>>> print(open('data-v5.cif').read())   # mmCIF, C-alpha atoms and all ligand atoms
data_coords
loop_
_atom_site.group_PDB
_atom_site.id
_atom_site.type_symbol
_atom_site.label_atom_id
_atom_site.label_comp_id
_atom_site.auth_asym_id
_atom_site.auth_seq_id
_atom_site.Cartn_x
_atom_site.Cartn_y
_atom_site.Cartn_z
ATOM 1 C CA MET A 1 49.880 26.074 67.274
ATOM 2 C CA LYS A 2 46.205 25.143 67.661
ATOM 3 C CA LYS A 3 44.496 25.256 71.037
ATOM 4 C CA LYS A 4 43.955 21.499 70.975
ATOM 5 C CA GLN A 5 47.664 20.898 70.354
ATOM 6 C CA LEU A 6 48.641 23.079 73.302
ATOM 7 C CA GLU A 7 46.101 21.251 75.440
ATOM 8 C CA MET A 8 47.602 17.892 74.488
ATOM 9 C CA LEU A 9 51.116 19.067 75.324
ATOM 10 C CA LEU A 10 50.063 20.501 78.682
ATOM 11 C CA GLU A 11 48.198 17.260 79.470
ATOM 12 C CA ARG A 12 51.598 15.539 79.557
ATOM 13 C CA LEU A 13 52.955 17.644 82.405
ATOM 14 C CA GLU A 14 53.673 16.199 85.802
ATOM 15 C CA GLY A 15 51.352 17.414 88.584
ATOM 16 C CA PHE A 16 52.034 18.226 92.243
ATOM 17 C CA SER A 17 53.585 15.191 93.932
ATOM 18 C CA ASN A 18 52.141 15.844 97.359
ATOM 19 C CA PRO A 19 49.809 18.825 97.090
ATOM 20 C CA SER A 20 49.653 21.097 100.116
ATOM 21 C CA PHE A 21 46.127 21.837 101.205
ATOM 22 C CA GLN A 22 47.322 24.958 103.074
ATOM 23 C CA LYS A 23 48.928 26.452 99.977
ATOM 24 C CA GLU A 24 45.898 25.436 97.888
ATOM 25 C CA GLN A 25 48.093 23.605 95.440
ATOM 26 C CA TYR A 26 45.890 22.605 92.574
ATOM 27 C CA ALA A 27 47.191 22.475 89.024
ATOM 28 C CA THR A 28 45.181 24.239 86.360
ATOM 29 C CA PRO A 29 43.725 21.559 84.062
ATOM 30 C CA ALA A 30 45.202 21.605 80.539
ATOM 31 C CA THR A 31 41.861 22.547 78.951
ATOM 32 C CA VAL A 32 41.520 25.589 81.208
ATOM 33 C CA ALA A 33 45.155 26.649 80.805
ATOM 34 C CA ALA A 34 44.916 26.429 76.999
ATOM 35 C CA GLU A 35 41.699 28.448 77.039
ATOM 36 C CA MET A 36 43.268 31.184 79.199
ATOM 37 C CA LEU A 37 46.419 31.352 77.100
ATOM 38 C CA PHE A 38 44.563 31.522 73.787
ATOM 39 C CA LEU A 39 42.363 34.331 75.064
ATOM 40 C CA ALA A 40 45.523 36.225 76.050
ATOM 41 C CA ALA A 41 47.194 35.458 72.703
ATOM 42 C CA MET A 42 44.146 36.741 70.773
ATOM 43 C CA ARG A 43 44.397 40.034 72.618
ATOM 44 C CA GLY A 44 48.101 40.380 71.928
ATOM 45 C CA ASP A 45 48.918 40.001 75.615
ATOM 46 C CA LEU A 46 51.609 37.330 75.382
ATOM 47 C CA GLY A 47 54.724 39.516 75.219
ATOM 48 C CA THR A 48 56.535 39.295 78.533
ATOM 49 C CA VAL A 49 54.456 37.210 80.872
ATOM 50 C CA CYS A 50 54.697 36.315 84.548
ATOM 51 C CA ASP A 51 52.812 33.419 86.173
ATOM 52 C CA LEU A 52 52.440 34.174 89.905
ATOM 53 C CA GLY A 53 52.289 31.027 92.041
ATOM 54 C CA CYS A 54 53.246 28.958 89.021
ATOM 55 C CA GLY A 55 53.131 25.622 90.871
ATOM 56 C CA THR A 56 54.127 22.897 88.433
ATOM 57 C CA GLY A 57 54.371 25.522 85.699
ATOM 58 C CA VAL A 58 51.468 24.819 83.377
ATOM 59 C CA LEU A 59 50.592 28.467 82.618
ATOM 60 C CA ALA A 60 54.190 29.715 82.406
ATOM 61 C CA ILE A 61 55.164 26.820 80.142
ATOM 62 C CA GLY A 62 52.087 27.191 77.951
ATOM 63 C CA ALA A 63 52.816 30.911 77.526
ATOM 64 C CA ALA A 64 56.398 30.136 76.484
ATOM 65 C CA LEU A 65 55.167 27.558 73.965
ATOM 66 C CA LEU A 66 52.979 30.284 72.434
ATOM 67 C CA GLY A 67 56.019 32.526 72.026
ATOM 68 C CA ALA A 68 55.981 34.629 75.194
ATOM 69 C CA ARG A 69 59.018 35.550 77.217
ATOM 70 C CA SER A 70 57.898 33.736 80.313
ATOM 71 C CA ILE A 71 58.665 33.926 84.037
ATOM 72 C CA GLY A 72 57.231 31.675 86.743
ATOM 73 C CA VAL A 73 57.263 32.665 90.424
ATOM 74 C CA GLU A 74 56.625 30.096 93.155
ATOM 75 C CA ILE A 75 57.239 29.894 96.894
ATOM 76 C CA ASP A 76 57.475 26.098 97.101
ATOM 77 C CA GLY A 77 60.819 24.627 96.050
ATOM 78 C CA LYS A 78 59.386 21.157 95.445
ATOM 79 C CA ALA A 79 56.760 22.482 93.064
ATOM 80 C CA LEU A 80 59.443 24.532 91.297
ATOM 81 C CA ALA A 81 61.587 21.445 90.771
ATOM 82 C CA ILE A 82 58.632 19.798 89.029
ATOM 83 C CA ALA A 83 58.018 22.966 86.998
ATOM 84 C CA ARG A 84 61.628 22.966 85.807
ATOM 85 C CA ARG A 85 61.373 19.312 84.770
ATOM 86 C CA ASN A 86 58.100 20.040 83.008
ATOM 87 C CA ALA A 87 59.607 22.929 81.045
ATOM 88 C CA GLU A 88 62.530 20.793 80.000
ATOM 89 C CA LYS A 89 60.230 17.977 78.920
ATOM 90 C CA LEU A 90 58.431 20.267 76.476
ATOM 91 C CA GLY A 91 61.502 22.302 75.517
ATOM 92 C CA ALA A 92 59.933 25.489 76.895
ATOM 93 C CA ASP A 93 62.182 28.364 77.854
ATOM 94 C CA VAL A 94 60.920 29.704 81.200
ATOM 95 C CA ASP A 95 62.743 31.640 83.937
ATOM 96 C CA PHE A 96 61.639 30.223 87.265
ATOM 97 C CA ILE A 97 62.085 32.274 90.435
ATOM 98 C CA ARG A 98 61.571 31.070 93.977
ATOM 99 C CA ALA A 99 59.879 33.914 95.809
ATOM 100 C CA ASP A 100 56.869 34.981 97.823
ATOM 101 C CA VAL A 101 54.527 36.984 95.592
ATOM 102 C CA GLY A 102 54.112 39.393 98.505
ATOM 103 C CA SER A 103 57.710 40.579 98.215
ATOM 104 C CA LEU A 104 58.341 40.646 94.530
ATOM 105 C CA ALA A 105 60.107 43.369 92.597
ATOM 106 C CA LEU A 106 60.053 42.542 88.905
ATOM 107 C CA LYS A 107 60.422 45.021 86.069
ATOM 108 C CA GLY A 108 59.369 44.868 82.448
ATOM 109 C CA ILE A 109 56.432 42.474 82.835
ATOM 110 C CA GLU A 110 53.520 43.238 80.488
ATOM 111 C CA THR A 111 51.069 40.584 81.549
ATOM 112 C CA VAL A 112 50.426 38.481 84.624
ATOM 113 C CA ILE A 113 48.597 35.214 84.029
ATOM 114 C CA MET A 114 47.701 33.382 87.195
ATOM 115 C CA ASN A 115 45.561 30.869 88.967
ATOM 116 C CA PRO A 116 45.991 32.148 92.514
ATOM 117 C CA PRO A 117 44.901 30.358 95.674
ATOM 118 C CA PHE A 118 41.176 31.104 95.808
ATOM 119 C CA GLY A 119 41.364 32.025 99.468
ATOM 120 C CA ALA A 120 38.588 29.600 100.361
ATOM 121 C CA GLN A 121 40.734 28.045 103.070
ATOM 122 C CA LYS A 122 41.726 31.221 104.881
ATOM 123 C CA ALA A 123 39.857 34.257 106.140
ATOM 124 C CA SER A 124 42.651 36.557 104.931
ATOM 125 C CA SER A 125 42.270 35.136 101.464
ATOM 126 C CA GLY A 126 45.420 34.384 99.495
ATOM 127 C CA ASP A 127 44.098 35.843 96.261
ATOM 128 C CA ARG A 128 44.437 39.390 97.661
ATOM 129 C CA ALA A 129 48.221 39.140 97.942
ATOM 130 C CA PHE A 130 48.349 37.799 94.393
ATOM 131 C CA LEU A 131 46.124 40.533 92.953
ATOM 132 C CA ASN A 132 48.163 43.193 94.732
ATOM 133 C CA SER A 133 51.424 41.817 93.463
ATOM 134 C CA ALA A 134 50.021 41.460 89.937
ATOM 135 C CA ARG A 135 48.986 45.110 89.756
ATOM 136 C CA ASN A 136 52.375 46.195 91.084
ATOM 137 C CA ILE A 137 54.253 44.489 88.289
ATOM 138 C CA ALA A 138 51.985 44.433 85.210
ATOM 139 C CA ARG A 139 49.490 46.517 83.219
ATOM 140 C CA THR A 140 47.362 43.568 82.129
ATOM 141 C CA ILE A 141 46.246 40.748 84.408
ATOM 142 C CA TYR A 142 44.509 37.452 83.694
ATOM 143 C CA SER A 143 43.351 35.939 86.957
ATOM 144 C CA LEU A 144 41.185 32.908 87.664
ATOM 145 C CA HIS A 145 38.654 33.085 90.505
ATOM 146 C CA ASN A 146 35.707 31.270 92.009
ATOM 147 C CA GLN A 147 32.332 31.893 90.465
ATOM 148 C CA GLY A 148 30.693 34.923 92.041
ATOM 149 C CA SER A 149 33.915 36.897 92.634
ATOM 150 C CA GLU A 150 32.921 39.823 90.401
ATOM 151 C CA GLY A 151 31.983 42.245 93.186
ATOM 152 C CA PHE A 152 35.135 41.492 95.144
ATOM 153 C CA VAL A 153 37.538 41.623 92.180
ATOM 154 C CA LYS A 154 36.043 44.849 90.771
ATOM 155 C CA SER A 155 36.194 46.759 94.031
ATOM 156 C CA PHE A 156 39.495 45.299 95.240
ATOM 157 C CA MET A 157 41.264 46.129 91.980
ATOM 158 C CA LYS A 158 40.103 49.752 91.676
ATOM 159 C CA PRO A 159 41.328 51.910 89.974
ATOM 160 C CA CYS A 160 42.334 49.043 87.649
ATOM 161 C CA ILE A 161 39.437 48.037 85.404
ATOM 162 C CA VAL A 162 37.885 44.633 84.840
ATOM 163 C CA GLN A 163 37.602 44.583 81.039
ATOM 164 C CA GLU A 164 36.170 41.097 80.588
ATOM 165 C CA ILE A 165 34.977 38.132 82.574
ATOM 166 C CA TYR A 166 35.016 34.730 80.886
ATOM 167 C CA ARG A 167 33.207 31.780 82.429
ATOM 168 C CA ILE A 168 35.234 28.604 81.998
ATOM 169 C CA PRO A 169 34.277 25.029 82.956
ATOM 170 C CA PHE A 170 36.900 23.687 85.356
ATOM 171 C CA PRO A 171 37.141 19.910 85.819
ATOM 172 C CA LEU A 172 38.072 19.404 89.453
ATOM 173 C CA LYS A 173 39.769 16.062 90.028
ATOM 174 C CA ARG A 174 39.764 14.360 93.374
ATOM 175 C CA CYS A 175 43.058 15.178 95.068
ATOM 176 C CA PHE A 176 42.278 15.827 98.702
ATOM 177 C CA ASP A 177 40.651 13.167 100.869
ATOM 178 C CA PHE A 178 37.550 15.169 101.617
ATOM 179 C CA HIS A 179 36.584 15.425 97.950
ATOM 180 C CA SER A 180 33.947 12.758 97.431
ATOM 181 C CA GLN A 181 33.521 12.364 93.664
ATOM 182 C CA ASP A 182 36.363 11.579 91.265
ATOM 183 C CA THR A 183 35.768 14.524 88.970
ATOM 184 C CA LYS A 184 33.278 17.291 89.192
ATOM 185 C CA VAL A 185 32.987 20.269 86.886
ATOM 186 C CA ILE A 186 32.790 23.613 88.592
ATOM 187 C CA GLY A 187 32.462 27.030 86.989
ATOM 188 C CA VAL A 188 35.317 29.472 87.360
ATOM 189 C CA GLU A 189 35.740 33.036 86.187
ATOM 190 C CA LEU A 190 38.710 34.385 84.292
ATOM 191 C CA TYR A 191 39.154 38.123 84.753
ATOM 192 C CA ARG A 192 41.016 40.314 82.287
ATOM 193 C CA ILE A 193 42.021 43.426 84.176
ATOM 194 C CA THR A 194 43.929 46.449 82.939
ATOM 195 C CA CYS A 195 45.746 48.948 85.125
HETATM 196 N N1 LIG A 201 49.494 28.348 88.887
HETATM 197 C C1 LIG A 201 49.619 26.914 89.065
HETATM 198 C C2 LIG A 201 49.355 26.463 90.509
HETATM 199 C C3 LIG A 201 48.095 26.972 91.141
HETATM 200 S S1 LIG A 201 47.996 26.530 92.855
HETATM 201 C C4 LIG A 201 48.717 26.254 88.097
HETATM 202 O O1 LIG A 201 47.972 26.977 87.444
HETATM 203 O O2 LIG A 201 48.732 25.037 87.943
HETATM 204 C C5 LIG A 201 48.612 28.022 93.642
HETATM 205 C C6 LIG A 201 50.124 28.037 93.767
HETATM 206 O O3 LIG A 201 50.503 29.244 94.467
HETATM 207 C C7 LIG A 201 50.722 26.896 94.577
HETATM 208 O O4 LIG A 201 51.721 26.263 93.838
HETATM 209 C C8 LIG A 201 51.294 27.548 95.832
HETATM 210 O O5 LIG A 201 52.455 26.910 96.329
HETATM 211 C C9 LIG A 201 51.605 28.934 95.317
HETATM 212 N N2 LIG A 201 51.664 29.951 96.359
HETATM 213 C C10 LIG A 201 50.838 30.096 97.434
HETATM 214 N N3 LIG A 201 51.181 31.174 98.157
HETATM 215 C C11 LIG A 201 52.256 31.746 97.514
HETATM 216 C C12 LIG A 201 53.038 32.908 97.746
HETATM 217 N N4 LIG A 201 52.791 33.699 98.791
HETATM 218 N N5 LIG A 201 54.045 33.211 96.888
HETATM 219 C C13 LIG A 201 54.296 32.410 95.801
HETATM 220 N N6 LIG A 201 53.578 31.302 95.531
HETATM 221 C C14 LIG A 201 52.571 30.967 96.360
#
>>> encode(input="data-v5.cif", output="structure tokens", more="lines below")
Ligand code: SAH
Amino acid sequence: MKKKQLEMLLERLEGFSNPSFQKEQYATPATVAAEMLFLAAMRGDLGTVCDLGCGTGVLAIGAALLGARSIGVEIDGKALAIARRNAEKLGADVDFIRADVGSLALKGIETVIMNPPFGAQKASSGDRAFLNSARNIARTIYSLHNQGSEGFVKSFMKPCIVQEIYRIPFPLKRCFDFHSQDTKVIGVELYRITC
């Protein structure tokens, strides 16, 4: 499959019906998801994959469409219901699990691919729990963060090593009332980390 084809398929997925601001529910745009997944595929990292905080399932489903054995973990039952419908719509075989990433015991995962809550809304930022969980279950981690997270991610993840940082344009659509423009492109950073 070509990247553009994957993008077009992922474009068709249903988004969050009533996104929770507290849980920082924001679906990864199809262009960004396809970019992340192709980078992982090129590196041979799409064996057994887990998407932590899978939301409506875009990353877990995309990984399955590229041939991975794919697992999606999400705390919110409503989001998971949408993710299941989305997987069915595209005929993607994904195991969805309802769980808190903070109390997850999964075995046999090679790669975590995730777009965690950025932690911008809370002092005890959500991305820490996700990074911790990721390193407990996988050797290779792809994680999306705000621009300028390099210092934090590198020191927080020690002794795991940040192998690459990719800068990806991220079209942010208006979805919460306080966002003023309809779409604005922000820069995000995708980290490839090995443990
Ligand atoms: N990965 C999805 C959604 C990103 S939004 C995508 O790329 O489109 C972050 C998701 O993490 C939300 O769906 C939110 O409900 C979920 N989440 C937040 N805290 C969580 C936790 N402790 N355990 C599991 N999921 C969590």
>>> resolve_selection(input="data-v5.cif", expression="the PyMOL selection byres (((not hetatm)) within 10 of (chain A and resi 201))", output="ChimeraX atom specification")
/A:15-16,19-30,32-33,51-60,72-80,83,97-104,113-119,126-127,129-130,133,143-144
>>> resolve_selection(input="data-v5.cif", expression="the PyMOL selection byres (((chain A and resi 71) around 6) and not hetatm)", output="short mmCIF file (atom, residue, chain, number, x, y, z; two decimals) with C-alpha atoms, keeping the file's coordinate frame")
data_model
loop_
_atom_site.label_atom_id
_atom_site.label_comp_id
_atom_site.auth_asym_id
_atom_site.auth_seq_id
_atom_site.Cartn_x
_atom_site.Cartn_y
_atom_site.Cartn_z
CA CYS A 50 54.70 36.32 84.55
CA SER A 70 57.90 33.74 80.31
CA GLY A 72 57.23 31.68 86.74
CA VAL A 94 60.92 29.70 81.20
CA ASP A 95 62.74 31.64 83.94
CA PHE A 96 61.64 30.22 87.26
#
>>> closest_residue(input="data-v5.cif", among="A:Leu106, A:Ala81, A:Val185, A:Ile168", to="Met36 of chain A", atoms="all atoms listed in the file")
A:Ile168
>>> resolve_selection(input="data-v5.cif", expression="the PyMOL selection byres (((chain A and resi 48) around 7) and not hetatm)", output="number ranges by chain")
A: 46-47, 49-50, 68-70, 109-111
>>> closest_residue(input="data-v5.cif", among="A:Glu189, A:Glu88, A:Asp182, A:Glu150", to="Glu14 of chain A", atoms="all atoms listed in the file")
A:Glu88
>>> residues_near_point(input="data-v5.cif", point="(35.1, 40.9, 86.2)", cutoff="9 Å", atoms="only C-alpha atoms", output="PyMOL selection string")
chain A and resi 149-154+161-166+189-193
>>> atom_distance(input="data-v5.cif", atom1="atom CA of Ala41 of chain A", atom2="atom CA of Lys3 of chain A")
10.7 Å
>>> closest_residue(input="data-v5.cif", among="A:Asn146, A:Ser155, A:Asn132, A:Thr183", to="Pro171 of chain A", atoms="only C-alpha atoms")
A:Thr183
